[in-house]
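Q: Quick one: structure below, then a few questions.
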Amino acid sequence: MSKRAEPGKILYTQAYDYILDRIRRGDWKAHDKLPSVRALAGELQLHRLTVFRAYRLLKEHGIVYVKEKSGYYVSEGTPYEEPAGAGGYASAAAPRHEAGRLQNALSEVHRIPADYSFSQALIDPNLLPNLFLSDHVKQVFDRYPKLLGTYSSVQGDEELRELLSADLQRKNKLQVSPDELLITTGGQQAIDLLAGVYLRPMDHVLVERPTYSSALDCFRQRGARLLPVEIRRDGYDLDVVEAYLKRHKPRMFYMNPTFHNPTGYTVPAVQRKQLVELAERYGCLIVEDDAVHDVYFVQPPPPPLYAYDTEGWVVYLRSFSKYLAPGLRICAVAARTAAMAPLLTAKSLADNGTPLVNQKLFQHCFESVRLQLHLEKLRTALQIRRDVMEQALASGTGWQWFRPQGGLNLWVHLPDGLNANRLLTESIRRGLTFVPGTICDPMGEMNDQIRLSYSFMNEARIQEGVHLLVRLAEELVQSE
Ligand SMILES: Cc1ncc(COP(=O)(O)O)c(C=O)c1O
């Protein structure tokens, strides 16, 4: 028989995995009555027959039993999986590759060659202290002559973790010991590892609407179901967040609360504390992705949610790709012991540790006095580029955007009648790219919004590119 499963089979084994996982996590205990076929089918949005087949298989496996005219009940002695963080990775028996589709929509946009690349939320290499960095390379190799011949530990170089732990405490009020830090190869790897550790097919994940699309693709690939929560200038509607937590028991809330990608919004301090309380109350892991914390223009953002977390419900990702040597791909993941243990296993399975050379080069740049100077210059340069982009957009009619106080992007509402994907097709023909709202939206809508990054090109190119975009948009509107 072919190994390829027919669609119906995928769904009923997914429903099976879903029920089993919830039993293992203790949501349904021995002799608890399980939801009726009809109720579960409604909740999972599946056909009743699919849920019925899942229950039947669970019964055959002795995981549930039936009481005549009453329904399904959890059997005694079903293996209990420890709560979030304690060993989830090892028990991933589900056929997860069948559940998700492998894609990275953002990466596909980035691969399109362009003269004017507004899709890259990357720092222009000209804004980095290149000469200084290359001088450093030599010094680091002089200091560690055996660097190329040495593995890093899985968790990351100890000196680097000590340095980052002290820095996070001093600058961001984060109580994080070197043992609570893991060095990953960029923020993207951290998201992928967390998805692997925590998510099973059919699990719910709370995500912002819109959000960083490569995270969405990671979650989809694991077969997770996305619960979109709108992010606004003033944060989230916490009643909506709580209703989702109560009803769907999501495994994870992936958020990017500081100079959010793509909108530029920052969740206010007061909500940060409340969100941590909600996560604790409902047992939902918050993954706080903080890639541009230090790229602010006027004043530093509020402390991360991680600063309010005492019970270990927040895992904090601080990538340094966005302001210092993106080529080194260094991200620090802060997590308490229960979450750190399975992450370390996942990291060891992925690559056994981020290359030591990258970590040592990063460490020596990071601790240099020159870094502070670089950061200050970078903030000014990016602020100027943001202003130039805004001025150029103002030359068109009907364009609206939020003015970010940090980060790398403008989230732009297109003039009436324009469709982001249609505009992108035309723009690509003229050598210009941006990120269409549809790929940032977990629901695949937002076709009237786009993300324009002002970080990658210099002022003159930004001005030319935006003027070209405005012209293209006008031509499109006229031609329809
Ligand atoms: C919100 C967010 N998270 C993670 C990443 C990935 O970071 P890295 O380049 O460190 O993998 C990005 C990069 O664009 C990002 O914007």
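Residue names in the structure tokens use chain letters A, B, ... in the order shown, residue numbers from 1 in each chain, and ligand numbers from 1 in the order shown.
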Contacts between ligand 1 and chain A, please, where a residue of chain A counts if it comes within 8 Å (with only C-alpha atoms and all ligand atoms); show its shortest atom pair and distance in Å to one decimal, rows by chain and ascending number, as a Markdown table.
A:
```
| residue | atom | partner | partner_atom_place_in_ligand_line | distance |
| --- | --- | --- | --- | --- |
| A:Gln120 | CA | ligand 1 | 14 (O) | 8.0 |
| A:Ala121 | CA | ligand 1 | 14 (O) | 5.7 |
| A:Leu122 | CA | ligand 1 | 14 (O) | 7.1 |
| A:Thr185 | CA | ligand 1 | 11 (O) | 6.9 |
| A:Gly186 | CA | ligand 1 | 10 (O) | 3.4 |
| A:Gly187 | CA | ligand 1 | 10 (O) | 3.7 |
| A:Gln188 | CA | ligand 1 | 11 (O) | 3.8 |
| A:Gln189 | CA | ligand 1 | 11 (O) | 6.3 |
| A:Ala190 | CA | ligand 1 | 11 (O) | 7.9 |
| A:Ile191 | CA | ligand 1 | 4 (C) | 7.5 |
| A:Thr211 | CA | ligand 1 | 1 (C) | 7.7 |
| A:Tyr212 | CA | ligand 1 | 1 (C) | 5.3 |
| A:Ser214 | CA | ligand 1 | 5 (C) | 7.8 |
| A:Ala215 | CA | ligand 1 | 3 (N) | 7.4 |
| A:Asn256 | CA | ligand 1 | 1 (C) | 5.9 |
| A:His260 | CA | ligand 1 | 1 (C) | 6.9 |
| A:Asn261 | CA | ligand 1 | 1 (C) | 5.4 |
| A:Pro262 | CA | ligand 1 | 16 (O) | 7.8 |
| A:Asp289 | CA | ligand 1 | 3 (N) | 5.8 |
| A:Asp290 | CA | ligand 1 | 1 (C) | 6.7 |
| A:Ala291 | CA | ligand 1 | 2 (C) | 5.5 |
| A:Val292 | CA | ligand 1 | 16 (O) | 7.9 |
| A:Ser319 | CA | ligand 1 | 10 (O) | 4.7 |
| A:Phe320 | CA | ligand 1 | 10 (O) | 6.3 |
| A:Ser321 | CA | ligand 1 | 10 (O) | 4.7 |
| A:Lys322 | CA | ligand 1 | 9 (O) | 6.9 |
| A:Pro326 | CA | ligand 1 | 9 (O) | 6.8 |
| A:Arg329 | CA | ligand 1 | 10 (O) | 5.8 |
| A:Ile330 | CA | ligand 1 | 10 (O) | 6.5 |
| A:Cys331 | CA | ligand 1 | 10 (O) | 5.9 |
```
Q: Could you write out that same residue set with C-alpha atoms as an mmCIF file, in the first residue's frame?
A:
```cif
data_model
loop_
_atom_site.group_PDB
_atom_site.id
_atom_site.type_symbol
_atom_site.label_atom_id
_atom_site.label_comp_id
_atom_site.auth_asym_id
_atom_site.auth_seq_id
_atom_site.Cartn_x
_atom_site.Cartn_y
_atom_site.Cartn_z
ATOM 1 C CA GLN A 120 14.274 43.400 2.856
ATOM 2 C CA ALA A 121 13.951 44.295 6.535
ATOM 3 C CA LEU A 122 17.712 44.146 6.765
ATOM 4 C CA THR A 185 21.628 30.665 14.720
ATOM 5 C CA GLY A 186 19.396 33.705 14.305
ATOM 6 C CA GLY A 187 15.890 34.328 15.553
ATOM 7 C CA GLN A 188 14.454 32.178 12.793
ATOM 8 C CA GLN A 189 16.103 29.072 14.168
ATOM 9 C CA ALA A 190 14.779 29.879 17.627
ATOM 10 C CA ILE A 191 11.207 30.088 16.290
ATOM 11 C CA THR A 211 2.713 39.362 11.980
ATOM 12 C CA TYR A 212 6.130 38.129 10.859
ATOM 13 C CA SER A 214 8.078 33.273 8.390
ATOM 14 C CA ALA A 215 6.883 32.456 11.915
ATOM 15 C CA ASN A 256 6.488 40.611 18.545
ATOM 16 C CA HIS A 260 6.303 45.082 15.749
ATOM 17 C CA ASN A 261 7.024 43.628 12.329
ATOM 18 C CA PRO A 262 5.294 44.714 10.100
ATOM 19 C CA ASP A 289 10.267 37.839 19.660
ATOM 20 C CA ASP A 290 12.242 41.033 20.239
ATOM 21 C CA ALA A 291 14.407 41.466 17.157
ATOM 22 C CA VAL A 292 14.691 45.275 17.091
ATOM 23 C CA SER A 319 18.179 38.406 17.746
ATOM 24 C CA PHE A 320 21.095 40.703 16.993
ATOM 25 C CA SER A 321 20.810 40.316 13.236
ATOM 26 C CA LYS A 322 19.066 43.645 12.845
ATOM 27 C CA PRO A 326 23.679 40.011 10.438
ATOM 28 C CA ARG A 329 23.424 35.037 12.815
ATOM 29 C CA ILE A 330 23.420 35.361 16.599
ATOM 30 C CA CYS A 331 20.266 35.254 18.697
#
```
Q: Would you mind listing, for every residue of region 332-437 of chain A within 10 Å of region 269-288 of chain A, the two atoms forming the shortest contact and the distance between them in Å to one decimal, using only C-alpha atoms, sorted by chain and ascending residue number, as CSV?
A:
```
residue,atom,partner,partner_atom,distance
A:Val333,CA,A:Glu288,CA,9.7
A:Ala334,CA,A:Glu288,CA,9.8
A:Ala335,CA,A:Val287,CA,9.8
A:Ala339,CA,A:Leu285,CA,9.4
```
Q: Do you know which residues are at most 12 Å from Glu76 (chain A) counting only C-alpha atoms, after dropping those on the same chain fewer than 2 positions away, and could you put them as an MDAnalysis selection string?
A: chainID A and resid 23:24 28:32 62:65 73:74 78:80
Q: Ranking A:Asn458, A:Ser70, A:Gln383, A:Thr354 by minimum distance to Leu410 (chain A) and counting only C-alpha atoms, which one comes first?
A: A:Gln383
Q: Would you kindly return, as a ChimeraX atom specification, each protein, DNA or RNA residue with an atom no farther than 8 Å from any atom of Leu40 (chain A), considering only C-alpha atoms and excluding same-chain residues fewer than 5 positions away?
A: /A:35,45,51
Q: Could you pull out the alpha helix (DSSP H) residues of region 75-220 of chain A from DSSP and send them as an mmCIF file with N, CA and C atoms, in the first residue's frame?
A:
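Okay, result_9.cif is ready:
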```cif
data_model
loop_
_atom_site.group_PDB
_atom_site.id
_atom_site.type_symbol
_atom_site.label_atom_id
_atom_site.label_comp_id
_atom_site.auth_asym_id
_atom_site.auth_seq_id
_atom_site.Cartn_x
_atom_site.Cartn_y
_atom_site.Cartn_z
ATOM 1 N N ARG A 96 3.780 14.488 11.639
ATOM 2 C CA ARG A 96 3.594 15.917 11.485
ATOM 3 C C ARG A 96 3.873 16.404 10.051
ATOM 4 N N HIS A 97 4.764 15.693 9.341
ATOM 5 C CA HIS A 97 5.081 16.170 7.999
ATOM 6 C C HIS A 97 3.863 16.100 7.079
ATOM 7 N N GLU A 98 2.894 15.233 7.461
ATOM 8 C CA GLU A 98 1.709 15.141 6.617
ATOM 9 C C GLU A 98 0.770 16.316 6.845
ATOM 10 N N ALA A 99 0.918 16.917 8.031
ATOM 11 C CA ALA A 99 -0.069 17.924 8.392
ATOM 12 C C ALA A 99 0.206 19.283 7.754
ATOM 13 N N ALA A 105 6.798 32.119 2.474
ATOM 14 C CA ALA A 105 6.344 33.117 1.505
ATOM 15 C C ALA A 105 7.277 34.327 1.479
ATOM 16 N N LEU A 106 7.778 34.712 2.671
ATOM 17 C CA LEU A 106 8.623 35.904 2.731
ATOM 18 C C LEU A 106 9.937 35.653 1.991
ATOM 19 N N SER A 107 10.472 34.478 2.209
ATOM 20 C CA SER A 107 11.731 34.150 1.562
ATOM 21 C C SER A 107 11.559 34.146 0.039
ATOM 22 N N GLU A 108 10.364 33.737 -0.423
ATOM 23 C CA GLU A 108 10.123 33.757 -1.872
ATOM 24 C C GLU A 108 10.152 35.193 -2.407
ATOM 25 N N VAL A 109 9.561 36.118 -1.643
ATOM 26 C CA VAL A 109 9.607 37.529 -2.082
ATOM 27 C C VAL A 109 11.057 38.021 -2.088
ATOM 28 N N HIS A 110 11.815 37.634 -1.058
ATOM 29 C CA HIS A 110 13.209 38.101 -0.981
ATOM 30 C C HIS A 110 14.058 37.603 -2.139
ATOM 31 N N ASN A 130 32.031 48.296 9.064
ATOM 32 C CA ASN A 130 32.688 47.181 8.369
ATOM 33 C C ASN A 130 34.193 47.079 8.627
ATOM 34 N N LEU A 131 34.870 48.241 8.562
ATOM 35 C CA LEU A 131 36.331 48.191 8.757
ATOM 36 C C LEU A 131 36.667 47.721 10.154
ATOM 37 N N PHE A 132 35.915 48.272 11.076
ATOM 38 C CA PHE A 132 36.109 47.904 12.469
ATOM 39 C C PHE A 132 35.873 46.403 12.663
ATOM 40 N N LEU A 133 34.836 45.887 12.007
ATOM 41 C CA LEU A 133 34.524 44.461 12.154
ATOM 42 C C LEU A 133 35.647 43.603 11.582
ATOM 43 N N SER A 134 36.175 44.013 10.425
ATOM 44 C CA SER A 134 37.212 43.153 9.846
ATOM 45 C C SER A 134 38.514 43.217 10.652
ATOM 46 N N ASP A 135 38.822 44.395 11.244
ATOM 47 C CA ASP A 135 40.000 44.454 12.136
ATOM 48 C C ASP A 135 39.828 43.492 13.308
ATOM 49 N N HIS A 136 38.593 43.429 13.768
ATOM 50 C CA HIS A 136 38.283 42.577 14.901
ATOM 51 C C HIS A 136 38.523 41.102 14.621
ATOM 52 N N VAL A 137 38.211 40.713 13.392
ATOM 53 C CA VAL A 137 38.358 39.302 13.034
ATOM 54 C C VAL A 137 39.781 38.855 13.345
ATOM 55 N N LYS A 138 40.739 39.661 12.921
ATOM 56 C CA LYS A 138 42.148 39.309 13.133
ATOM 57 C C LYS A 138 42.444 39.193 14.636
ATOM 58 N N GLN A 139 41.972 40.199 15.388
ATOM 59 C CA GLN A 139 42.256 40.186 16.836
ATOM 60 C C GLN A 139 41.664 38.944 17.520
ATOM 61 N N VAL A 140 40.465 38.596 17.100
ATOM 62 C CA VAL A 140 39.807 37.449 17.739
ATOM 63 C C VAL A 140 40.582 36.167 17.437
ATOM 64 N N PHE A 141 41.058 36.031 16.201
ATOM 65 C CA PHE A 141 41.829 34.823 15.868
ATOM 66 C C PHE A 141 43.182 34.821 16.588
ATOM 67 N N ASP A 142 43.770 36.005 16.811
ATOM 68 C CA ASP A 142 45.022 36.051 17.578
ATOM 69 C C ASP A 142 44.778 35.582 19.002
ATOM 70 N N ARG A 143 43.636 35.992 19.525
ATOM 71 C CA ARG A 143 43.333 35.661 20.922
ATOM 72 C C ARG A 143 42.963 34.175 21.105
ATOM 73 N N GLU A 158 30.204 30.012 26.791
ATOM 74 C CA GLU A 158 29.892 30.471 28.145
ATOM 75 C C GLU A 158 30.210 31.957 28.342
ATOM 76 N N GLU A 159 31.364 32.385 27.810
ATOM 77 C CA GLU A 159 31.725 33.811 27.980
ATOM 78 C C GLU A 159 30.667 34.699 27.326
ATOM 79 N N LEU A 160 30.197 34.275 26.170
ATOM 80 C CA LEU A 160 29.189 35.087 25.482
ATOM 81 C C LEU A 160 27.893 35.127 26.297
ATOM 82 N N ARG A 161 27.497 33.985 26.836
ATOM 83 C CA ARG A 161 26.254 33.958 27.618
ATOM 84 C C ARG A 161 26.391 34.813 28.879
ATOM 85 N N GLU A 162 27.611 34.808 29.469
ATOM 86 C CA GLU A 162 27.818 35.659 30.658
ATOM 87 C C GLU A 162 27.690 37.134 30.287
ATOM 88 N N LEU A 163 28.299 37.472 29.164
ATOM 89 C CA LEU A 163 28.247 38.866 28.713
ATOM 90 C C LEU A 163 26.802 39.305 28.448
ATOM 91 N N LEU A 164 26.058 38.444 27.743
ATOM 92 C CA LEU A 164 24.685 38.812 27.378
ATOM 93 C C LEU A 164 23.781 38.836 28.612
ATOM 94 N N SER A 165 24.020 37.922 29.524
ATOM 95 C CA SER A 165 23.206 37.907 30.743
ATOM 96 C C SER A 165 23.404 39.224 31.511
ATOM 97 N N ALA A 166 24.654 39.670 31.644
ATOM 98 C CA ALA A 166 24.921 40.917 32.361
ATOM 99 C C ALA A 166 24.292 42.096 31.608
ATOM 100 N N ASP A 167 24.387 42.064 30.294
ATOM 101 C CA ASP A 167 23.860 43.165 29.489
ATOM 102 C C ASP A 167 22.324 43.250 29.573
ATOM 103 N N LEU A 168 21.677 42.095 29.502
ATOM 104 C CA LEU A 168 20.211 42.085 29.571
ATOM 105 C C LEU A 168 19.732 42.541 30.954
ATOM 106 N N GLN A 169 20.506 42.206 31.969
ATOM 107 C CA GLN A 169 20.123 42.664 33.316
ATOM 108 C C GLN A 169 20.306 44.167 33.445
ATOM 109 N N ARG A 170 21.435 44.648 32.967
ATOM 110 C CA ARG A 170 21.750 46.067 33.140
ATOM 111 C C ARG A 170 20.815 46.944 32.317
ATOM 112 N N LYS A 171 20.634 46.572 31.032
ATOM 113 C CA LYS A 171 19.904 47.480 30.150
ATOM 114 C C LYS A 171 18.400 47.225 30.109
ATOM 115 N N ASN A 172 18.012 45.978 30.322
ATOM 116 C CA ASN A 172 16.590 45.662 30.114
ATOM 117 C C ASN A 172 15.879 45.114 31.341
ATOM 118 N N GLY A 186 20.433 32.758 14.698
ATOM 119 C CA GLY A 186 19.396 33.705 14.305
ATOM 120 C C GLY A 186 18.085 33.436 15.024
ATOM 121 N N GLY A 187 17.206 34.443 14.933
ATOM 122 C CA GLY A 187 15.890 34.328 15.553
ATOM 123 C C GLY A 187 15.044 33.276 14.851
ATOM 124 N N GLN A 188 15.273 33.118 13.553
ATOM 125 C CA GLN A 188 14.454 32.178 12.793
ATOM 126 C C GLN A 188 14.649 30.754 13.320
ATOM 127 N N GLN A 189 15.881 30.424 13.633
ATOM 128 C CA GLN A 189 16.103 29.072 14.168
ATOM 129 C C GLN A 189 15.408 28.912 15.519
ATOM 130 N N ALA A 190 15.430 29.977 16.309
ATOM 131 C CA ALA A 190 14.779 29.879 17.627
ATOM 132 C C ALA A 190 13.280 29.608 17.454
ATOM 133 N N ILE A 191 12.652 30.296 16.516
ATOM 134 C CA ILE A 191 11.207 30.088 16.290
ATOM 135 C C ILE A 191 10.966 28.643 15.847
ATOM 136 N N ASP A 192 11.804 28.180 14.961
ATOM 137 C CA ASP A 192 11.635 26.823 14.438
ATOM 138 C C ASP A 192 11.817 25.776 15.549
ATOM 139 N N LEU A 193 12.824 25.985 16.401
ATOM 140 C CA LEU A 193 13.046 25.035 17.498
ATOM 141 C C LEU A 193 11.847 25.020 18.439
ATOM 142 N N LEU A 194 11.349 26.209 18.751
ATOM 143 C CA LEU A 194 10.204 26.286 19.669
ATOM 144 C C LEU A 194 8.974 25.618 19.066
ATOM 145 N N ALA A 195 8.773 25.820 17.771
ATOM 146 C CA ALA A 195 7.626 25.185 17.107
ATOM 147 C C ALA A 195 7.785 23.662 17.200
ATOM 148 N N GLY A 196 9.013 23.180 17.002
ATOM 149 C CA GLY A 196 9.258 21.737 17.063
ATOM 150 C C GLY A 196 9.028 21.173 18.459
ATOM 151 N N VAL A 197 9.419 21.953 19.469
ATOM 152 C CA VAL A 197 9.277 21.468 20.844
ATOM 153 C C VAL A 197 7.812 21.476 21.286
ATOM 154 N N TYR A 198 7.108 22.527 20.949
ATOM 155 C CA TYR A 198 5.794 22.726 21.572
ATOM 156 C C TYR A 198 4.591 22.359 20.726
ATOM 157 N N SER A 213 5.793 36.839 8.842
ATOM 158 C CA SER A 213 5.174 35.727 8.118
ATOM 159 C C SER A 213 5.992 34.428 8.165
ATOM 160 N N SER A 214 7.306 34.525 8.345
ATOM 161 C CA SER A 214 8.078 33.273 8.390
ATOM 162 C C SER A 214 7.762 32.484 9.663
ATOM 163 N N ALA A 215 7.321 33.185 10.714
ATOM 164 C CA ALA A 215 6.883 32.456 11.915
ATOM 165 C C ALA A 215 5.582 31.722 11.599
ATOM 166 N N LEU A 216 4.681 32.392 10.897
ATOM 167 C CA LEU A 216 3.410 31.741 10.533
ATOM 168 C C LEU A 216 3.675 30.471 9.729
ATOM 169 N N ASP A 217 4.591 30.580 8.781
ATOM 170 C CA ASP A 217 4.870 29.406 7.931
ATOM 171 C C ASP A 217 5.466 28.257 8.747
ATOM 172 N N CYS A 218 6.279 28.617 9.734
ATOM 173 C CA CYS A 218 6.839 27.584 10.623
ATOM 174 C C CYS A 218 5.716 26.857 11.363
ATOM 175 N N PHE A 219 4.753 27.621 11.879
ATOM 176 C CA PHE A 219 3.669 27.015 12.657
ATOM 177 C C PHE A 219 2.761 26.191 11.742
ATOM 178 N N ARG A 220 2.514 26.716 10.565
ATOM 179 C CA ARG A 220 1.661 25.969 9.625
ATOM 180 C C ARG A 220 2.302 24.643 9.279
#
```
Q: Which residue is closest to Gln221 (chain A)? Choose from A:Asn126, A:Ser119, A:Thr380, A:Gln103 and count only C-alpha atoms.
A: A:Gln103
Q: Region 341-348 of chain A: which residues within 6 Å, counting only C-alpha atoms, same-chain residues fewer than 3 positions away excluded, as JSON, numbers by chain?
A: {"A": [87, 154, 338, 351, 352]}
Q: Take the residues from that selection and write them out as a PDB file, in the first residue's frame, keeping N, CA and C atoms.
A:
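Contents of again18.pdb, as written:
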```pdb
ATOM      1  N   GLY A  87       9.842  17.990  28.160  1.00  0.00           N
ATOM      2  CA  GLY A  87      10.006  16.749  27.428  1.00  0.00           C
ATOM      3  C   GLY A  87       9.105  16.576  26.225  1.00  0.00           C
ATOM      4  N   VAL A 154      26.498  22.994  23.049  1.00  0.00           N
ATOM      5  CA  VAL A 154      25.173  23.101  22.438  1.00  0.00           C
ATOM      6  C   VAL A 154      24.486  24.397  22.857  1.00  0.00           C
ATOM      7  N   ALA A 338      12.554  24.774  32.872  1.00  0.00           N
ATOM      8  CA  ALA A 338      11.623  23.794  32.292  1.00  0.00           C
ATOM      9  C   ALA A 338      11.546  23.935  30.782  1.00  0.00           C
ATOM     10  N   ASP A 351      21.690  21.220  15.182  1.00  0.00           N
ATOM     11  CA  ASP A 351      23.055  21.491  14.690  1.00  0.00           C
ATOM     12  C   ASP A 351      24.144  21.362  15.749  1.00  0.00           C
ATOM     13  N   ASN A 352      23.792  20.884  16.937  1.00  0.00           N
ATOM     14  CA  ASN A 352      24.786  20.702  17.994  1.00  0.00           C
ATOM     15  C   ASN A 352      25.477  21.966  18.452  1.00  0.00           C
TER      16      ASN A 352
END
```
